[in-house]
$ cat start_25.pdb   # PDB, C-alpha atoms (C1' of nucleotides)
ATOM      1  CA  MET A  61      27.276  30.955 -40.571
ATOM      2  CA  ARG A  62      24.641  33.559 -41.393
ATOM      3  CA  TYR A  63      25.371  37.285 -41.412
ATOM      4  CA  SER A  64      22.979  39.259 -39.268
ATOM      5  CA  LYS A  65      23.299  43.016 -38.976
ATOM      6  CA  GLN A  66      24.549  42.481 -35.401
ATOM      7  CA  ARG A  67      27.332  40.175 -36.591
ATOM      8  CA  LYS A  68      28.287  42.529 -39.431
ATOM      9  CA  GLU A  69      28.437  45.520 -37.074
ATOM     10  CA  ILE A  70      30.535  43.672 -34.444
ATOM     11  CA  LEU A  71      32.996  42.455 -37.085
ATOM     12  CA  GLU A  72      33.157  45.950 -38.608
ATOM     13  CA  ILE A  73      33.980  47.490 -35.206
ATOM     14  CA  ILE A  74      36.793  45.015 -34.522
ATOM     15  CA  LYS A  75      38.221  45.326 -38.031
ATOM     16  CA  THR A  76      38.363  49.126 -37.839
ATOM     17  CA  THR A  77      39.755  49.297 -34.282
ATOM     18  CA  ASN A  78      43.410  48.674 -33.528
ATOM     19  CA  SER A  79      43.191  49.063 -29.741
ATOM     20  CA  HIS A  80      42.420  45.363 -29.047
ATOM     21  CA  PRO A  81      39.008  46.004 -27.443
ATOM     22  CA  THR A  82      37.328  43.822 -24.813
ATOM     23  CA  ALA A  83      33.819  42.350 -25.092
ATOM     24  CA  ASP A  84      32.372  45.054 -22.871
ATOM     25  CA  TRP A  85      33.983  47.874 -24.856
ATOM     26  CA  ILE A  86      32.596  46.350 -28.080
ATOM     27  CA  TYR A  87      29.164  46.049 -26.461
ATOM     28  CA  GLU A  88      29.115  49.739 -25.507
ATOM     29  CA  ARG A  89      30.292  50.702 -28.995
ATOM     30  CA  VAL A  90      27.810  48.573 -30.936
ATOM     31  CA  ARG A  91      24.976  49.888 -28.752
ATOM     32  CA  THR A  92      25.406  53.323 -30.320
ATOM     33  CA  GLN A  93      24.368  51.693 -33.615
ATOM     34  CA  ILE A  94      22.008  48.951 -32.349
ATOM     35  CA  PRO A  95      20.745  50.233 -28.965
ATOM     36  CA  ASN A  96      18.839  47.114 -27.894
ATOM     37  CA  ILE A  97      21.516  44.564 -28.806
ATOM     38  CA  SER A  98      22.029  41.960 -26.111
ATOM     39  CA  LEU A  99      25.363  41.472 -24.332
ATOM     40  CA  GLY A 100      24.911  37.748 -24.909
ATOM     41  CA  THR A 101      24.744  38.410 -28.640
ATOM     42  CA  VAL A 102      28.100  40.183 -28.481
ATOM     43  CA  TYR A 103      29.752  37.279 -26.653
ATOM     44  CA  ARG A 104      28.127  34.671 -28.923
ATOM     45  CA  ASN A 105      29.345  36.503 -32.017
ATOM     46  CA  LEU A 106      32.848  37.036 -30.673
ATOM     47  CA  ARG A 107      33.180  33.306 -30.062
ATOM     48  CA  GLN A 108      31.726  32.524 -33.488
ATOM     49  CA  LEU A 109      34.084  34.957 -35.227
ATOM     50  CA  VAL A 110      37.109  33.547 -33.369
ATOM     51  CA  ASP A 111      36.064  29.959 -34.185
ATOM     52  CA  ASN A 112      35.778  30.894 -37.869
ATOM     53  CA  ASP A 113      39.162  32.627 -37.714
ATOM     54  CA  LEU A 114      37.816  36.011 -38.747
ATOM     55  CA  ILE A 115      39.311  37.632 -35.635
ATOM     56  CA  HIS A 116      41.827  36.634 -32.971
ATOM     57  CA  ALA A 117      41.465  36.551 -29.179
ATOM     58  CA  ARG A 118      44.228  37.236 -26.680
ATOM     59  CA  THR A 119      44.070  37.125 -22.896
ATOM     60  CA  VAL A 120      45.946  39.881 -21.071
ATOM     61  CA  ASN A 121      45.604  40.340 -17.313
ATOM     62  CA  GLY A 122      42.677  37.929 -17.177
ATOM     63  CA  MET A 123      40.648  39.850 -19.758
ATOM     64  CA  VAL A 124      40.081  38.703 -23.333
ATOM     65  CA  HIS A 125      41.057  41.249 -25.988
ATOM     66  CA  TYR A 126      39.951  40.889 -29.621
ATOM     67  CA  ASP A 127      42.144  41.633 -32.615
ATOM     68  CA  GLY A 128      40.976  42.113 -36.200
ATOM     69  CA  ASN A 129      44.518  42.072 -37.544
ATOM     70  CA  LEU A 130      44.997  38.470 -38.689
ATOM     71  CA  GLY A 131      48.536  38.997 -39.967
ATOM     72  CA  ASP A 132      51.403  37.384 -38.080
ATOM     73  CA  HIS A 133      52.468  39.946 -35.507
ATOM     74  CA  GLN A 134      53.585  40.338 -31.898
ATOM     75  CA  HIS A 135      52.487  42.594 -29.044
ATOM     76  CA  PHE A 136      53.860  44.983 -26.492
ATOM     77  CA  TYR A 137      51.765  45.452 -23.346
ATOM     78  CA  CYS A 138      52.369  48.519 -21.192
ATOM     79  CA  THR A 139      51.924  47.476 -17.558
ATOM     80  CA  ASP A 140      51.365  51.142 -16.654
ATOM     81  CA  CYS A 141      48.674  52.489 -19.022
ATOM     82  CA  GLY A 142      47.408  49.064 -20.144
ATOM     83  CA  ILE A 143      47.683  49.735 -23.880
ATOM     84  CA  LEU A 144      48.438  46.663 -25.978
ATOM     85  CA  TYR A 145      50.598  47.843 -28.883
ATOM     86  CA  ASP A 146      50.961  45.968 -32.165
ATOM     87  CA  LEU A 147      54.481  45.007 -33.213
ATOM     88  CA  ASP A 148      55.560  43.840 -36.632
ATOM     89  CA  LEU A 149      59.029  42.441 -36.201
ATOM     90  CA  SER A 150      61.437  39.867 -37.542
ATOM     91  CA  LEU A 151      62.572  37.503 -34.813
ATOM     92  CA  GLU A 152      66.274  38.320 -35.193
ATOM     93  CA  ASP A 153      66.247  41.904 -34.096
ATOM     94  CA  PHE A 154      62.982  42.385 -32.221
ATOM     95  CA  VAL A 155      64.527  43.365 -28.909
ATOM     96  CA  SER A 156      66.630  46.201 -30.302
ATOM     97  CA  GLU A 157      63.645  47.319 -32.396
ATOM     98  CA  ILE A 158      61.482  47.605 -29.284
ATOM     99  CA  THR A 159      64.010  49.246 -26.979
ATOM    100  CA  GLU A 160      66.020  51.404 -29.372
ATOM    101  CA  ASN A 161      63.539  52.367 -32.084
ATOM    102  CA  LEU A 162      60.252  52.394 -30.178
ATOM    103  CA  GLY A 163      61.668  53.423 -26.799
ATOM    104  CA  HIS A 164      59.664  50.944 -24.702
ATOM    105  CA  VAL A 165      61.325  49.363 -21.651
ATOM    106  CA  ILE A 166      60.903  45.571 -21.508
ATOM    107  CA  HIS A 167      60.318  44.055 -18.083
ATOM    108  CA  GLU A 168      58.946  40.663 -19.096
ATOM    109  CA  CYS A 169      58.928  38.498 -22.179
ATOM    110  CA  ASP A 170      56.001  36.158 -22.532
ATOM    111  CA  LEU A 171      56.632  33.481 -25.143
ATOM    112  CA  GLN A 172      54.379  30.478 -25.626
ATOM    113  CA  PHE A 173      53.944  27.914 -28.353
ATOM    114  CA  ASN A 174      50.595  26.219 -28.834
ATOM    115  CA  GLY A 175      50.058  22.983 -30.739
ATOM    116  CA  ILE A 176      49.749  19.223 -30.327
ATOM    117  CA  CYS A 177      52.301  17.575 -28.072
ATOM    118  CA  ASN A 178      54.295  14.451 -28.828
ATOM    119  CA  SER A 179      52.237  12.116 -26.650
ATOM    120  CA  CYS A 180      48.889  13.326 -28.036
ATOM    121  CA  GLN A 181      50.159  12.579 -31.551
ATOM    122  CA  GLN A 182      51.009   8.991 -30.533
ATOM    123  CA  GLU A 183      47.405   8.390 -29.462
ATOM    124  CA  GLN A 184      45.923   9.242 -32.876
TER
ATOM    125  CA  MET B  51      54.581  39.207   5.178
ATOM    126  CA  ARG B  52      54.060  36.599   7.889
ATOM    127  CA  TYR B  53      54.418  32.898   7.269
ATOM    128  CA  SER B  54      51.384  30.951   8.378
ATOM    129  CA  LYS B  55      51.248  27.180   7.978
ATOM    130  CA  GLN B  56      48.703  27.710   5.183
ATOM    131  CA  ARG B  57      51.073  29.983   3.279
ATOM    132  CA  LYS B  58      54.010  27.618   3.783
ATOM    133  CA  GLU B  59      51.992  24.640   2.563
ATOM    134  CA  ILE B  60      50.685  26.469  -0.538
ATOM    135  CA  LEU B  61      54.176  27.649  -1.469
ATOM    136  CA  GLU B  62      55.577  24.139  -0.869
ATOM    137  CA  ILE B  63      52.947  22.616  -3.186
ATOM    138  CA  ILE B  64      53.698  25.038  -6.015
ATOM    139  CA  LYS B  65      57.457  24.703  -5.610
ATOM    140  CA  THR B  66      57.312  20.896  -5.783
ATOM    141  CA  THR B  67      54.834  20.714  -8.692
ATOM    142  CA  ASN B  68      55.888  21.304 -12.284
ATOM    143  CA  SER B  69      52.443  20.908 -13.856
ATOM    144  CA  HIS B  70      51.515  24.615 -13.550
ATOM    145  CA  PRO B  71      48.480  24.050 -11.296
ATOM    146  CA  THR B  72      45.385  26.263 -11.080
ATOM    147  CA  ALA B  73      44.000  27.794  -7.869
ATOM    148  CA  ASP B  74      41.347  25.108  -7.605
ATOM    149  CA  TRP B  75      43.826  22.255  -8.048
ATOM    150  CA  ILE B  76      46.030  23.783  -5.336
ATOM    151  CA  TYR B  77      42.983  24.148  -3.089
ATOM    152  CA  GLU B  78      42.091  20.440  -3.460
ATOM    153  CA  ARG B  79      45.702  19.457  -2.834
ATOM    154  CA  VAL B  80      46.264  21.614   0.235
ATOM    155  CA  ARG B  81      42.984  20.346   1.711
ATOM    156  CA  THR B  82      44.542  16.894   2.102
ATOM    157  CA  GLN B  83      46.980  18.515   4.579
ATOM    158  CA  ILE B  84      44.767  21.285   6.028
ATOM    159  CA  PRO B  85      41.187  20.027   5.547
ATOM    160  CA  ASN B  86      39.354  23.166   6.677
ATOM    161  CA  ILE B  87      41.434  25.695   4.736
ATOM    162  CA  SER B  88      39.320  28.300   2.969
ATOM    163  CA  LEU B  89      39.334  28.758  -0.800
ATOM    164  CA  GLY B  90      39.664  32.493  -0.144
ATOM    165  CA  THR B  91      42.867  31.818   1.768
ATOM    166  CA  VAL B  92      44.298  30.008  -1.241
ATOM    167  CA  TYR B  93      43.484  32.901  -3.591
ATOM    168  CA  ARG B  94      44.746  35.518  -1.116
ATOM    169  CA  ASN B  95      48.041  33.664  -0.708
ATOM    170  CA  LEU B  96      48.502  33.100  -4.426
ATOM    171  CA  ARG B  97      48.160  36.820  -5.041
ATOM    172  CA  GLN B  98      50.489  37.599  -2.146
ATOM    173  CA  LEU B  99      53.116  35.130  -3.391
ATOM    174  CA  VAL B 100      52.924  36.505  -6.938
ATOM    175  CA  ASP B 101      53.188  40.104  -5.672
ATOM    176  CA  ASN B 102      56.286  39.167  -3.673
ATOM    177  CA  ASP B 103      57.737  37.396  -6.713
ATOM    178  CA  LEU B 104      57.984  34.016  -5.013
ATOM    179  CA  ILE B 105      55.921  32.387  -7.792
ATOM    180  CA  HIS B 106      54.773  33.358 -11.266
ATOM    181  CA  ALA B 107      51.273  33.456 -12.735
ATOM    182  CA  ARG B 108      50.370  32.738 -16.360
ATOM    183  CA  THR B 109      46.957  32.866 -18.002
ATOM    184  CA  VAL B 110      46.191  30.092 -20.481
ATOM    185  CA  ASN B 111      42.707  29.661 -21.959
ATOM    186  CA  GLY B 112      41.274  32.123 -19.464
ATOM    187  CA  MET B 113      42.555  30.200 -16.434
ATOM    188  CA  VAL B 114      45.442  31.335 -14.251
ATOM    189  CA  HIS B 115      48.216  28.766 -13.832
ATOM    190  CA  TYR B 116      50.902  29.144 -11.154
ATOM    191  CA  ASP B 117      54.566  28.352 -11.669
ATOM    192  CA  GLY B 118      57.165  27.874  -8.948
ATOM    193  CA  ASN B 119      60.010  27.859 -11.452
ATOM    194  CA  LEU B 120      61.288  31.441 -11.385
ATOM    195  CA  GLY B 121      64.075  30.857 -13.902
ATOM    196  CA  ASP B 122      63.788  32.386 -17.370
ATOM    197  CA  HIS B 123      61.971  29.800 -19.472
ATOM    198  CA  GLN B 124      59.316  29.398 -22.165
ATOM    199  CA  HIS B 125      56.261  27.189 -22.484
ATOM    200  CA  PHE B 126      54.586  24.786 -24.852
ATOM    201  CA  TYR B 127      50.826  24.376 -24.447
ATOM    202  CA  CYS B 128      49.143  21.320 -25.922
ATOM    203  CA  THR B 129      45.741  22.391 -27.239
ATOM    204  CA  ASP B 130      44.610  18.751 -27.091
ATOM    205  CA  CYS B 131      45.447  17.459 -23.586
ATOM    206  CA  GLY B 132      45.914  20.899 -22.004
ATOM    207  CA  ILE B 133      49.335  20.172 -20.508
ATOM    208  CA  LEU B 134      51.599  23.227 -20.255
ATOM    209  CA  TYR B 135      55.148  21.984 -20.775
ATOM    210  CA  ASP B 136      58.249  23.821 -19.620
ATOM    211  CA  LEU B 137      60.816  24.715 -22.251
ATOM    212  CA  ASP B 138      64.374  25.860 -21.658
ATOM    213  CA  LEU B 139      65.618  27.172 -24.969
ATOM    214  CA  SER B 140      67.954  29.673 -26.566
ATOM    215  CA  LEU B 141      66.072  31.991 -28.887
ATOM    216  CA  GLU B 142      68.089  31.093 -31.996
ATOM    217  CA  ASP B 143      67.086  27.502 -32.395
ATOM    218  CA  PHE B 144      63.912  27.105 -30.357
ATOM    219  CA  VAL B 145      61.663  26.117 -33.211
ATOM    220  CA  SER B 146      63.837  23.227 -34.391
ATOM    221  CA  GLU B 147      64.306  22.153 -30.766
ATOM    222  CA  ILE B 148      60.540  21.925 -30.272
ATOM    223  CA  THR B 149      59.617  20.254 -33.553
ATOM    224  CA  GLU B 150      62.651  18.034 -34.193
ATOM    225  CA  ASN B 151      63.882  17.105 -30.724
ATOM    226  CA  LEU B 152      60.680  17.188 -28.689
ATOM    227  CA  GLY B 153      58.316  16.141 -31.492
ATOM    228  CA  HIS B 154      55.587  18.680 -30.732
ATOM    229  CA  VAL B 155      53.660  20.245 -33.633
ATOM    230  CA  ILE B 156      53.416  24.037 -33.393
ATOM    231  CA  HIS B 157      50.139  25.624 -34.493
ATOM    232  CA  GLU B 158      50.466  29.025 -32.867
ATOM    233  CA  CYS B 159      53.224  31.182 -31.445
ATOM    234  CA  ASP B 160      52.228  33.595 -28.730
ATOM    235  CA  LEU B 161      54.884  36.221 -28.106
ATOM    236  CA  GLN B 162      54.337  39.250 -25.912
ATOM    237  CA  PHE B 163      56.603  41.789 -24.281
ATOM    238  CA  ASN B 164      55.509  43.539 -21.101
ATOM    239  CA  GLY B 165      57.013  46.734 -19.762
ATOM    240  CA  ILE B 166      56.599  50.513 -19.710
ATOM    241  CA  CYS B 167      55.817  52.162 -23.029
ATOM    242  CA  ASN B 168      57.490  55.228 -24.477
ATOM    243  CA  SER B 169      54.660  57.648 -23.667
ATOM    244  CA  CYS B 170      54.324  56.464 -20.054
ATOM    245  CA  GLN B 171      58.023  57.130 -19.555
ATOM    246  CA  GLN B 172      57.599  60.723 -20.812
ATOM    247  CA  GLU B 173      54.997  61.398 -18.112
ATOM    248  CA  GLN B 174      57.311  60.497 -15.216
TER
ATOM    249  C1'  DC C 272       9.599  34.920 -55.158
ATOM    250  C1'  DA C 273       7.377  32.524 -51.303
ATOM    251  C1'  DA C 274       7.772  29.242 -47.661
ATOM    252  C1'  DG C 275       9.856  26.132 -44.855
ATOM    253  C1'  DA C 276      14.130  25.163 -42.229
ATOM    254  C1'  DT C 277      16.915  26.803 -38.958
ATOM    255  C1'  DA C 278      20.500  30.091 -37.377
ATOM    256  C1'  DA C 279      20.542  34.192 -34.673
ATOM    257  C1'  DT C 280      18.414  37.333 -31.491
ATOM    258  C1'  DA C 281      16.811  39.769 -26.956
ATOM    259  C1'  DG C 282      16.200  39.201 -22.450
ATOM    260  C1'  DT C 283      17.011  36.899 -18.438
ATOM    261  C1'  DA C 284      18.865  33.418 -15.360
ATOM    262  C1'  DA C 285      22.773  30.707 -14.181
ATOM    263  C1'  DT C 286      27.645  29.599 -13.798
ATOM    264  C1'  DG C 287      32.354  29.714 -12.305
ATOM    265  C1'  DA C 288      36.460  32.038 -11.030
ATOM    266  C1'  DT C 289      37.835  35.431  -8.069
ATOM    267  C1'  DT C 290      37.367  39.093  -4.495
ATOM    268  C1'  DA C 291      35.397  41.472  -0.394
ATOM    269  C1'  DC C 292      33.859  41.408   4.299
ATOM    270  C1'  DT C 293      33.949  40.328   9.253
ATOM    271  C1'  DA C 294      34.634  38.358  13.473
ATOM    272  C1'  DT C 295      38.172  35.322  15.273
ATOM    273  C1'  DT C 296      42.869  33.322  15.541
ATOM    274  C1'  DA C 297      47.853  33.100  14.932
ATOM    275  C1'  DT C 298      52.292  35.202  14.222
ATOM    276  C1'  DT C 299      55.548  38.541  15.203
ATOM    277  C1'  DT C 300      58.573  41.563  17.937
ATOM    278  C1'  DA C 301      59.830  44.344  21.601
TER
ATOM    279  C1'  DT D 211      54.738  37.473  27.594
ATOM    280  C1'  DA D 212      51.605  40.749  25.756
ATOM    281  C1'  DA D 213      50.197  44.131  22.657
ATOM    282  C1'  DA D 214      49.917  45.034  17.622
ATOM    283  C1'  DT D 215      48.354  43.418  13.586
ATOM    284  C1'  DA D 216      48.616  40.128   9.671
ATOM    285  C1'  DA D 217      46.213  36.047   8.358
ATOM    286  C1'  DT D 218      42.374  32.952   8.718
ATOM    287  C1'  DA D 219      37.598  30.523   7.981
ATOM    288  C1'  DG D 220      33.343  31.093   6.369
ATOM    289  C1'  DT D 221      30.190  33.424   3.779
ATOM    290  C1'  DA D 222      28.358  36.859   0.643
ATOM    291  C1'  DA D 223      29.219  39.568  -3.325
ATOM    292  C1'  DT D 224      31.226  40.670  -7.847
ATOM    293  C1'  DC D 225      32.314  40.308 -12.586
ATOM    294  C1'  DA D 226      33.052  38.136 -16.974
ATOM    295  C1'  DT D 227      31.043  34.807 -19.522
ATOM    296  C1'  DT D 228      27.668  31.156 -20.805
ATOM    297  C1'  DA D 229      23.113  28.801 -20.989
ATOM    298  C1'  DC D 230      18.226  28.914 -21.836
ATOM    299  C1'  DT D 231      13.925  30.010 -24.298
ATOM    300  C1'  DA D 232      10.535  31.962 -26.928
ATOM    301  C1'  DT D 233      10.633  34.954 -30.923
ATOM    302  C1'  DT D 234      12.642  36.918 -35.198
ATOM    303  C1'  DA D 235      15.628  37.156 -39.214
ATOM    304  C1'  DT D 236      18.291  34.953 -42.732
ATOM    305  C1'  DC D 237      19.101  31.585 -46.046
ATOM    306  C1'  DT D 238      17.951  28.227 -49.576
ATOM    307  C1'  DT D 239      15.393  25.788 -52.777
ATOM    308  C1'  DG D 240      11.494  24.536 -55.406
TER
END

$ encode --input "start_25.pdb" --output "structure tokens"
Amino acid sequence: MRYSKQRKEILEIIKTTNSHPTADWIYERVRTQIPNISLGTVYRNLRQLVDNDLIHARTVNGMVHYDGNLGDHQHFYCTDCGILYDLDLSLEDFVSEITENLGHVIHECDLQFNGICNSCQQEQ
Amino acid sequence: MRYSKQRKEILEIIKTTNSHPTADWIYERVRTQIPNISLGTVYRNLRQLVDNDLIHARTVNGMVHYDGNLGDHQHFYCTDCGILYDLDLSLEDFVSEITENLGHVIHECDLQFNGICNSCQQEQ
DNA sequence: CAAGATAATAGTAATGATTACTATTATTTA
DNA sequence: TAAATAATAGTAATCATTACTATTATCTTG
């Protein structure tokens, strides 16, 4: 992977933003620095950066949000204002942390494990 | 909300399918019963059914999957074959249940809480 | 350091899932 | 049973994302 100034700028924006921006938001932002950058370049780089594990992608409400924080952490999504908050919690007491300490009201809990299932392992 | 034969058939399909189908899969399936049903009708009904909490929607890999199982449960997504398995686990011992009993290998854990955040509550 | 190899780019066209629109049809309820 | 209106089929439009192509920038190696 080569490092063009477009790629450097896109990575820099994601790394210094903790609001989990979308591709379009990143495009508008990077255009202030590189006015004639192509939207396709933004998408190509986002995919490249995710594939190389330099950033993470997360789909919320059908839109992909990018996250430069690679540390193991969870999220709280406000269904009213749409902000996706970072959470840094131990599994034992996350619920009380969210409701009592942070004051958010939980309506849904969205837990999913990704990996290779039993039957796919048999085939290898 | 009225109950047309299209709506009844779509709901029936989702309720009797545990493979978390997509809109397009449901469209192909319902067409065997109602050949001239419109794809728009399928989407309109899926939204309606989700809004009325008769089914749940879940986005995986940028595609919306529908779930007729309204009970509190978690999921395991195989990144190889793409099957989204149902899990019914207590939070304490879910990881050992998945790896030891079910034999799946976990690569990622995707945990998100949805609700109303502290600052949105202040505004009300 | 120069030059060839090739990865990345800008710009544009295409795709694919989903939504909007409109005239017509079906369901409801009084 | 008939008026009120929700839902439909069919089609066009939208919106995020991807594909394509000729050109440009980056990397590597002699």

$ residues_around --input "start_25.pdb" --residues "C:DG282" --least-positions-apart "6" --cutoff "12 Å" --atoms "all atoms listed in the file" --output "PDB file with C-alpha atoms (C1' of nucleotides), in the coordinates of the input"
ATOM      1  CA  ASN A  96      18.839  47.114 -27.894  1.00  0.00           C
ATOM      2  CA  ILE A  97      21.516  44.564 -28.806  1.00  0.00           C
ATOM      3  CA  SER A  98      22.029  41.960 -26.111  1.00  0.00           C
ATOM      4  CA  LEU A  99      25.363  41.472 -24.332  1.00  0.00           C
ATOM      5  CA  GLY A 100      24.911  37.748 -24.909  1.00  0.00           C
ATOM      6  CA  THR A 101      24.744  38.410 -28.640  1.00  0.00           C
TER       7      THR A 101
ATOM      8  C1'  DC D 230      18.226  28.914 -21.836  1.00  0.00           C
ATOM      9  C1'  DT D 231      13.925  30.010 -24.298  1.00  0.00           C
ATOM     10  C1'  DA D 232      10.535  31.962 -26.928  1.00  0.00           C
ATOM     11  C1'  DT D 233      10.633  34.954 -30.923  1.00  0.00           C
TER      12       DT D 233
END

$ interface_residues --input "start_25.pdb" --of "chain D" --to "chain B" --cutoff "8 Å" --atoms "only C-alpha atoms (C1' of nucleotides)" --output "count of residues only"
5

$ calpha_fit_rmsd --input "start_25.pdb" --fixed "chain A" --moving "chain B"
0.1 Å

$ resolve_selection --input "start_25.pdb" --expression "the PyMOL selection byres ((chain B) within 6 of (chain A))" --output "list of chain:residue names"
B:Gln124, B:His125, B:Phe126, B:Tyr127, B:Cys128, B:Thr129, B:Gly153, B:His154, B:Val155, B:Ile156, B:His157, B:Glu158, B:Cys159, B:Asp160, B:Leu161, B:Gln162, B:Phe163, B:Asn164, B:Gly165, B:Ile166, B:Cys167, B:Asn168

$ write_last_selection --input "start_25.pdb" --atoms "C-alpha atoms" --output "mmCIF file, in the frame of the given file"
data_model
loop_
_atom_site.group_PDB
_atom_site.id
_atom_site.type_symbol
_atom_site.label_atom_id
_atom_site.label_comp_id
_atom_site.auth_asym_id
_atom_site.auth_seq_id
_atom_site.Cartn_x
_atom_site.Cartn_y
_atom_site.Cartn_z
ATOM 1 C CA GLN B 124 59.316 29.398 -22.165
ATOM 2 C CA HIS B 125 56.261 27.189 -22.484
ATOM 3 C CA PHE B 126 54.586 24.786 -24.852
ATOM 4 C CA TYR B 127 50.826 24.376 -24.447
ATOM 5 C CA CYS B 128 49.143 21.320 -25.922
ATOM 6 C CA THR B 129 45.741 22.391 -27.239
ATOM 7 C CA GLY B 153 58.316 16.141 -31.492
ATOM 8 C CA HIS B 154 55.587 18.680 -30.732
ATOM 9 C CA VAL B 155 53.660 20.245 -33.633
ATOM 10 C CA ILE B 156 53.416 24.037 -33.393
ATOM 11 C CA HIS B 157 50.139 25.624 -34.493
ATOM 12 C CA GLU B 158 50.466 29.025 -32.867
ATOM 13 C CA CYS B 159 53.224 31.182 -31.445
ATOM 14 C CA ASP B 160 52.228 33.595 -28.730
ATOM 15 C CA LEU B 161 54.884 36.221 -28.106
ATOM 16 C CA GLN B 162 54.337 39.250 -25.912
ATOM 17 C CA PHE B 163 56.603 41.789 -24.281
ATOM 18 C CA ASN B 164 55.509 43.539 -21.101
ATOM 19 C CA GLY B 165 57.013 46.734 -19.762
ATOM 20 C CA ILE B 166 56.599 50.513 -19.710
ATOM 21 C CA CYS B 167 55.817 52.162 -23.029
ATOM 22 C CA ASN B 168 57.490 55.228 -24.477
#

$ resolve_selection --input "start_25.pdb" --expression "the PyMOL selection byres ((chain C) within 12 of (chain B))" --output "NGL selection string"
:C and (287-292 or 296-299)

$ atom_distance --input "start_25.pdb" --atom1 "atom CA of A:Gly131" --atom2 "atom CA of B:Glu150"
25.9 Å

$ atom_distance --input "start_25.pdb" --atom1 "atom CA of B:Ser69" --atom2 "atom CA of B:Gly118"
9.7 Å

$ atom_distance --input "start_25.pdb" --atom1 "atom C1' of C:DA284" --atom2 "atom CA of A:Gln108"
22.2 Å

$ residues_around --input "start_25.pdb" --residues "stretch 80-83 of chain B" --least-positions-apart "5" --cutoff "9 Å" --atoms "only C-alpha atoms (C1' of nucleotides)" --output "ChimeraX atom specification"
/B:56,59-60,63,75,88,92

$ write_last_selection --input "start_25.pdb" --atoms "C-alpha atoms" --output "short mmCIF file (atom, residue, chain, number, x, y, z; two decimals), in the frame of the given file"
data_model
loop_
_atom_site.label_atom_id
_atom_site.label_comp_id
_atom_site.auth_asym_id
_atom_site.auth_seq_id
_atom_site.Cartn_x
_atom_site.Cartn_y
_atom_site.Cartn_z
CA GLN B 56 48.70 27.71 5.18
CA GLU B 59 51.99 24.64 2.56
CA ILE B 60 50.68 26.47 -0.54
CA ILE B 63 52.95 22.62 -3.19
CA TRP B 75 43.83 22.26 -8.05
CA SER B 88 39.32 28.30 2.97
CA VAL B 92 44.30 30.01 -1.24
#
